[in-house]
Amino acid sequence: MTIRNAETTAAPFWKTKTLAEMTEAEWESLCDGCGLCCLNKLEDWETGEIAWTSIRCTLLDGDSCRCKDYENRQATVPDCIRLTLESVQSISWLPPTCGYRLIRDGHDLYWWHPLVSGDPETVHQAGISARGRTISEDGIDIDDFEDYLVTWPLEVGKDT
């Protein structure tokens, strides 16, 4: 007779908890480290349509896809949007592969998500992240942002 440890057979927290029920550590771990939410976006004021650019926030490291100063980011970038339970419910531009969006909408995480794979590099290996696809916003005039429009943030993950 095999005795199973209840901890090893229990479903992962993202399958059993709502976003509102998660601890702070669980919430933070939903971020897959893709960096897509840190890309500059343009909004058409008349239609509300969002256009993505390949221009990353000044604090986003283009190689690691991590914030260079996560704890203090809003001091440097005052309009940085903090993902909270309330904001995740209302933000329409979260990438289709975003863990927060997936759980919000009742879907499971993809195989490459670090919580599933156990490896923070799989998001990059799967081609989901912004790694190697962006330039920093530093020195780019906002009037030139339209020169950097891209569609790939909405296309990654379609076949994953």
# chains A, B, ... in the order shown; residues from 1 in each chain; ligands from 1
call {"tool": "residues_around", "arguments": {"residues": "range 91-93 of chain A", "least_positions_apart": "5", "cutoff": "10 Å", "atoms": "only C-alpha atoms", "output": "mmCIF file with C-alpha atoms, in the first residue's frame"}}
result
data_model
loop_
_atom_site.group_PDB
_atom_site.id
_atom_site.type_symbol
_atom_site.label_atom_id
_atom_site.label_comp_id
_atom_site.auth_asym_id
_atom_site.auth_seq_id
_atom_site.Cartn_x
_atom_site.Cartn_y
_atom_site.Cartn_z
ATOM 1 C CA CYS A 37 3.185 44.651 -19.166
ATOM 2 C CA LYS A 41 1.357 51.345 -25.007
ATOM 3 C CA GLU A 49 -7.906 50.914 -28.775
ATOM 4 C CA ILE A 50 -4.503 50.021 -27.357
ATOM 5 C CA ALA A 51 -1.437 49.832 -29.588
ATOM 6 C CA TRP A 52 1.698 48.151 -28.244
ATOM 7 C CA ILE A 81 0.624 50.659 -12.803
ATOM 8 C CA LEU A 83 -1.192 45.180 -10.415
ATOM 9 C CA GLU A 86 -8.858 45.887 -8.452
ATOM 10 C CA ARG A 101 -5.416 37.499 -16.587
ATOM 11 C CA LEU A 154 -0.633 39.899 -28.421
#
call {"tool": "residues_around", "arguments": {"residues": "Arg82 in chain A", "least_positions_apart": "6", "cutoff": "10 Å", "atoms": "only C-alpha atoms", "output": "number ranges by chain"}}
result
A: 73-74, 88
call {"tool": "write_last_selection", "arguments": {"atoms": "C-alpha atoms", "output": "PDB file, in the first residue's frame"}}
result
ATOM      1  CA  ARG A  73       9.539  51.786  -9.046  1.00  0.00           C
ATOM      2  CA  GLN A  74       6.783  54.338  -8.554  1.00  0.00           C
ATOM      3  CA  VAL A  88      -6.379  43.299 -12.714  1.00  0.00           C
TER       4      VAL A  88
END
call {"tool": "closest_atom_pairs", "arguments": {"of": "range 54-119 of chain A", "to": "range 142-145 of chain A", "cutoff": "12 Å", "atoms": "only C-alpha atoms", "output": "Markdown table"}}
result
| residue | atom | partner | partner_atom | distance |
| --- | --- | --- | --- | --- |
| A:Ser54 | CA | A:Phe145 | CA | 8.9 |
| A:Ile55 | CA | A:Phe145 | CA | 7.6 |
| A:Arg56 | CA | A:Phe145 | CA | 10.9 |
call {"tool": "write_last_selection", "arguments": {"atoms": "N, CA and C atoms", "output": "PDB file, in the first residue's frame"}}
result
ATOM      1  N   SER A  54       7.447  48.462 -28.922  1.00  0.00           N
ATOM      2  CA  SER A  54       8.586  47.658 -28.461  1.00  0.00           C
ATOM      3  C   SER A  54       9.477  48.482 -27.541  1.00  0.00           C
ATOM      4  N   ILE A  55       8.938  49.562 -27.024  1.00  0.00           N
ATOM      5  CA  ILE A  55       9.678  50.448 -26.128  1.00  0.00           C
ATOM      6  C   ILE A  55       9.375  50.047 -24.688  1.00  0.00           C
ATOM      7  N   ARG A  56      10.427  49.689 -23.962  1.00  0.00           N
ATOM      8  CA  ARG A  56      10.248  49.246 -22.583  1.00  0.00           C
ATOM      9  C   ARG A  56      10.444  50.409 -21.606  1.00  0.00           C
TER      10      ARG A  56
END
call {"tool": "select_by_dssp", "arguments": {"residues": "range 62-155 of chain A", "states": "alpha helix (DSSP H)", "output": "PyMOL selection string"}}
result
chain A and resi 73-76+85-90+99-104+114-117+122-125+152-155
call {"tool": "atom_distance", "arguments": {"atom1": "CA of Trp111 in chain A", "atom2": "CA of Leu149 in chain A"}}
result
28.5 Å
call {"tool": "atom_distance", "arguments": {"atom1": "CA of Ile135 in chain A", "atom2": "CA of Asp69 in chain A"}}
result
17.8 Å
call {"tool": "closest_residue", "arguments": {"among": "A:Gly48, A:Pro114, A:Pro96, A:Gly35", "to": "Cys67 in chain A", "atoms": "only C-alpha atoms"}}
result
A:Gly35
call {"tool": "atom_distance", "arguments": {"atom1": "CA of Trp14 in chain A", "atom2": "CA of Cys80 in chain A"}}
result
25.3 Å
call {"tool": "residues_around", "arguments": {"residues": "range 17-23 of chain A", "least_positions_apart": "6", "cutoff": "9 Å", "atoms": "only C-alpha atoms", "output": "PyMOL selection string"}}
result
chain A and resi 85+100+103-104
call {"tool": "write_last_selection", "arguments": {"atoms": "N, CA and C atoms", "output": "tab-separated table (two decimals), in the first residue's frame"}}
result
chain	number	residue	atom	x	y	z
A	85	LEU	N	-5.66	43.53	-7.07
A	85	LEU	CA	-6.90	42.82	-7.38
A	85	LEU	C	-7.84	43.70	-8.17
A	100	TYR	N	-2.06	36.63	-14.22
A	100	TYR	CA	-3.17	37.30	-13.54
A	100	TYR	C	-4.43	37.26	-14.39
A	103	ILE	N	-5.83	33.50	-14.61
A	103	ILE	CA	-6.53	33.08	-13.39
A	103	ILE	C	-7.82	33.89	-13.24
A	104	ARG	N	-7.75	35.17	-13.51
A	104	ARG	CA	-8.96	36.02	-13.46
A	104	ARG	C	-10.06	35.46	-14.33
call {"tool": "closest_residue", "arguments": {"among": "A:Asp119, A:Asp141, A:Asp147, A:Asp61", "to": "Asp32 in chain A", "atoms": "only C-alpha atoms"}}
result
A:Asp119
call {"tool": "select_by_dssp", "arguments": {"residues": "range 27-147 of chain A", "states": "strand (DSSP E)", "output": "JSON, numbers by chain"}}
result
{"A": [39, 40, 41, 42, 43, 50, 51, 52, 53, 54, 55, 56, 135, 136]}
call {"tool": "write_last_selection", "arguments": {"atoms": "N, CA and C atoms", "output": "PDB file, in the first residue's frame"}}
result
ATOM      1  N   LEU A  39       5.898  47.241 -21.322  1.00  0.00           N
ATOM      2  CA  LEU A  39       6.091  47.898 -22.612  1.00  0.00           C
ATOM      3  C   LEU A  39       5.169  49.105 -22.682  1.00  0.00           C
ATOM      4  N   ASN A  40       5.642  50.157 -23.316  1.00  0.00           N
ATOM      5  CA  ASN A  40       4.805  51.342 -23.490  1.00  0.00           C
ATOM      6  C   ASN A  40       3.693  51.029 -24.483  1.00  0.00           C
ATOM      7  N   LYS A  41       2.527  51.544 -24.166  1.00  0.00           N
ATOM      8  CA  LYS A  41       1.357  51.345 -25.007  1.00  0.00           C
ATOM      9  C   LYS A  41       0.763  52.713 -25.347  1.00  0.00           C
ATOM     10  N   LEU A  42       0.159  52.801 -26.499  1.00  0.00           N
ATOM     11  CA  LEU A  42      -0.510  54.031 -26.917  1.00  0.00           C
ATOM     12  C   LEU A  42      -1.999  53.753 -26.973  1.00  0.00           C
ATOM     13  N   GLU A  43      -2.783  54.700 -26.500  1.00  0.00           N
ATOM     14  CA  GLU A  43      -4.237  54.537 -26.525  1.00  0.00           C
ATOM     15  C   GLU A  43      -4.857  55.563 -27.445  1.00  0.00           C
ATOM     16  N   ILE A  50      -5.870  50.010 -27.872  1.00  0.00           N
ATOM     17  CA  ILE A  50      -4.503  50.021 -27.357  1.00  0.00           C
ATOM     18  C   ILE A  50      -3.556  49.503 -28.437  1.00  0.00           C
ATOM     19  N   ALA A  51      -2.484  50.253 -28.662  1.00  0.00           N
ATOM     20  CA  ALA A  51      -1.437  49.832 -29.588  1.00  0.00           C
ATOM     21  C   ALA A  51      -0.161  49.626 -28.776  1.00  0.00           C
ATOM     22  N   TRP A  52       0.486  48.501 -28.977  1.00  0.00           N
ATOM     23  CA  TRP A  52       1.698  48.151 -28.244  1.00  0.00           C
ATOM     24  C   TRP A  52       2.927  48.655 -28.973  1.00  0.00           C
ATOM     25  N   THR A  53       3.944  49.026 -28.206  1.00  0.00           N
ATOM     26  CA  THR A  53       5.228  49.399 -28.791  1.00  0.00           C
ATOM     27  C   THR A  53       6.297  48.426 -28.279  1.00  0.00           C
ATOM     28  N   SER A  54       7.447  48.462 -28.922  1.00  0.00           N
ATOM     29  CA  SER A  54       8.586  47.658 -28.461  1.00  0.00           C
ATOM     30  C   SER A  54       9.477  48.482 -27.541  1.00  0.00           C
ATOM     31  N   ILE A  55       8.938  49.562 -27.024  1.00  0.00           N
ATOM     32  CA  ILE A  55       9.678  50.448 -26.128  1.00  0.00           C
ATOM     33  C   ILE A  55       9.375  50.047 -24.688  1.00  0.00           C
ATOM     34  N   ARG A  56      10.427  49.689 -23.962  1.00  0.00           N
ATOM     35  CA  ARG A  56      10.248  49.246 -22.583  1.00  0.00           C
ATOM     36  C   ARG A  56      10.444  50.409 -21.606  1.00  0.00           C
ATOM     37  N   ILE A 135      13.579  48.148 -26.879  1.00  0.00           N
ATOM     38  CA  ILE A 135      14.569  49.194 -26.628  1.00  0.00           C
ATOM     39  C   ILE A 135      14.053  50.021 -25.448  1.00  0.00           C
ATOM     40  N   SER A 136      14.962  50.646 -24.754  1.00  0.00           N
ATOM     41  CA  SER A 136      14.577  51.463 -23.603  1.00  0.00           C
ATOM     42  C   SER A 136      13.926  52.760 -24.073  1.00  0.00           C
TER      43      SER A 136
END
call {"tool": "closest_residue", "arguments": {"among": "A:Gln89, A:Ala25, A:Pro153, A:Pro78", "to": "Arg131 in chain A", "atoms": "only C-alpha atoms"}}
result
A:Pro153
call {"tool": "residues_around", "arguments": {"residues": "Leu109 in chain A", "least_positions_apart": "3", "cutoff": "12 Å", "atoms": "only C-alpha atoms", "output": "PyMOL selection string"}}
result
chain A and resi 12-15+29-32+96-106+112-117+123+157+160
call {"tool": "write_last_selection", "arguments": {"atoms": "N, CA and C atoms", "output": "tab-separated table (two decimals), in the first residue's frame"}}
result
chain	number	residue	atom	x	y	z
A	12	PRO	N	-2.22	22.81	-6.94
A	12	PRO	CA	-1.50	24.07	-6.73
A	12	PRO	C	-2.47	25.21	-6.39
A	13	PHE	N	-1.95	26.18	-5.65
A	13	PHE	CA	-2.80	27.26	-5.14
A	13	PHE	C	-3.56	27.99	-6.24
A	14	TRP	N	-2.97	28.17	-7.42
A	14	TRP	CA	-3.65	28.94	-8.47
A	14	TRP	C	-4.84	28.19	-9.06
A	15	LYS	N	-4.94	26.89	-8.75
A	15	LYS	CA	-6.10	26.11	-9.21
A	15	LYS	C	-7.19	26.05	-8.15
A	29	SER	N	4.00	35.62	-7.18
A	29	SER	CA	4.52	34.50	-7.98
A	29	SER	C	3.73	34.26	-9.26
A	30	LEU	N	2.56	34.87	-9.38
A	30	LEU	CA	1.79	34.75	-10.62
A	30	LEU	C	2.45	35.47	-11.79
A	31	CYS	N	3.31	36.44	-11.47
A	31	CYS	CA	4.04	37.13	-12.53
A	31	CYS	C	5.02	36.14	-13.14
A	32	ASP	N	4.92	35.94	-14.45
A	32	ASP	CA	5.81	34.97	-15.11
A	32	ASP	C	7.14	35.56	-15.54
A	96	PRO	N	-2.35	38.29	-23.31
A	96	PRO	CA	-3.18	37.08	-23.25
A	96	PRO	C	-2.52	35.94	-22.47
A	97	THR	N	-1.22	36.00	-22.29
A	97	THR	CA	-0.49	34.96	-21.57
A	97	THR	C	-0.28	35.29	-20.09
A	98	CYS	N	-0.72	36.46	-19.66
A	98	CYS	CA	-0.49	36.93	-18.29
A	98	CYS	C	-1.16	36.01	-17.26
A	99	GLY	N	-0.40	35.59	-16.27
A	99	GLY	CA	-0.93	34.72	-15.22
A	99	GLY	C	-2.11	35.33	-14.49
A	100	TYR	N	-2.06	36.63	-14.22
A	100	TYR	CA	-3.17	37.30	-13.54
A	100	TYR	C	-4.43	37.26	-14.39
A	101	ARG	N	-4.27	37.52	-15.67
A	101	ARG	CA	-5.42	37.50	-16.59
A	101	ARG	C	-5.97	36.08	-16.72
A	102	LEU	N	-5.09	35.11	-16.86
A	102	LEU	CA	-5.53	33.72	-17.02
A	102	LEU	C	-6.34	33.26	-15.81
A	103	ILE	N	-5.83	33.50	-14.61
A	103	ILE	CA	-6.53	33.08	-13.39
A	103	ILE	C	-7.82	33.89	-13.24
A	104	ARG	N	-7.75	35.17	-13.51
A	104	ARG	CA	-8.96	36.02	-13.46
A	104	ARG	C	-10.06	35.46	-14.33
A	105	ASP	N	-9.69	34.99	-15.52
A	105	ASP	CA	-10.67	34.51	-16.49
A	105	ASP	C	-10.98	33.02	-16.38
A	106	GLY	N	-10.45	32.36	-15.34
A	106	GLY	CA	-10.78	30.96	-15.08
A	106	GLY	C	-9.96	29.96	-15.88
A	112	TRP	N	4.96	26.75	-19.61
A	112	TRP	CA	6.21	27.47	-19.46
A	112	TRP	C	6.23	28.44	-18.29
A	113	HIS	N	5.08	28.63	-17.64
A	113	HIS	CA	5.03	29.54	-16.48
A	113	HIS	C	5.94	28.96	-15.40
A	114	PRO	N	6.77	29.79	-14.77
A	114	PRO	CA	7.69	29.28	-13.74
A	114	PRO	C	7.03	28.49	-12.61
A	115	LEU	N	5.78	28.80	-12.28
A	115	LEU	CA	5.10	28.01	-11.25
A	115	LEU	C	4.81	26.58	-11.72
A	116	VAL	N	4.63	26.41	-13.01
A	116	VAL	CA	4.35	25.08	-13.57
A	116	VAL	C	5.66	24.36	-13.90
A	117	SER	N	6.57	25.06	-14.57
A	117	SER	CA	7.81	24.43	-15.03
A	117	SER	C	8.85	24.31	-13.92
A	123	VAL	N	9.84	30.80	-19.61
A	123	VAL	CA	9.06	31.85	-20.26
A	123	VAL	C	9.86	32.47	-21.40
A	157	GLY	N	2.22	33.17	-27.49
A	157	GLY	CA	1.37	32.28	-26.71
A	157	GLY	C	0.19	31.71	-27.45
A	160	THR	N	0.87	28.12	-27.67
A	160	THR	CA	1.50	27.49	-26.51
A	160	THR	C	0.52	26.65	-25.73
call {"tool": "closest_residue", "arguments": {"among": "A:Arg133, A:Glu146, A:Leu36, A:Glu28", "to": "Leu94 in chain A", "atoms": "only C-alpha atoms"}}
result
A:Leu36
call {"tool": "decode", "arguments": {"residues": "range 46-82 of chain A", "atoms": "C-alpha atoms", "output": "short mmCIF file (atom, residue, chain, number, x, y, z; two decimals), in the first residue's frame"}}
result
data_model
loop_
_atom_site.label_atom_id
_atom_site.label_comp_id
_atom_site.auth_asym_id
_atom_site.auth_seq_id
_atom_site.Cartn_x
_atom_site.Cartn_y
_atom_site.Cartn_z
CA GLU A 46 -11.48 58.23 -29.61
CA THR A 47 -11.77 54.44 -29.78
CA GLY A 48 -9.94 53.34 -26.64
CA GLU A 49 -7.91 50.91 -28.78
CA ILE A 50 -4.50 50.02 -27.36
CA ALA A 51 -1.44 49.83 -29.59
CA TRP A 52 1.70 48.15 -28.24
CA THR A 53 5.23 49.40 -28.79
CA SER A 54 8.59 47.66 -28.46
CA ILE A 55 9.68 50.45 -26.13
CA ARG A 56 10.25 49.25 -22.58
CA CYS A 57 10.00 51.20 -19.36
CA THR A 58 13.26 52.78 -18.24
CA LEU A 59 13.36 50.36 -15.29
CA LEU A 60 12.79 47.15 -17.24
CA ASP A 61 15.99 45.19 -17.81
CA GLY A 62 15.83 44.07 -21.45
CA ASP A 63 17.73 40.84 -20.74
CA SER A 64 16.18 39.59 -17.51
CA CYS A 65 12.73 41.15 -18.13
CA ARG A 66 12.69 42.20 -14.48
CA CYS A 67 12.30 45.64 -12.96
CA LYS A 68 15.62 47.15 -11.91
CA ASP A 69 14.02 48.73 -8.81
CA TYR A 70 10.74 46.92 -8.23
CA GLU A 71 10.24 48.04 -4.63
CA ASN A 72 10.72 51.73 -5.44
CA ARG A 73 9.54 51.79 -9.05
CA GLN A 74 6.78 54.34 -8.55
CA ALA A 75 9.28 56.88 -7.22
CA THR A 76 11.10 56.73 -10.57
CA VAL A 77 8.09 56.00 -12.78
CA PRO A 78 5.07 57.66 -11.12
CA ASP A 79 2.62 56.29 -13.71
CA CYS A 80 3.78 52.69 -13.24
CA ILE A 81 0.62 50.66 -12.80
CA ARG A 82 0.72 48.38 -9.78
#
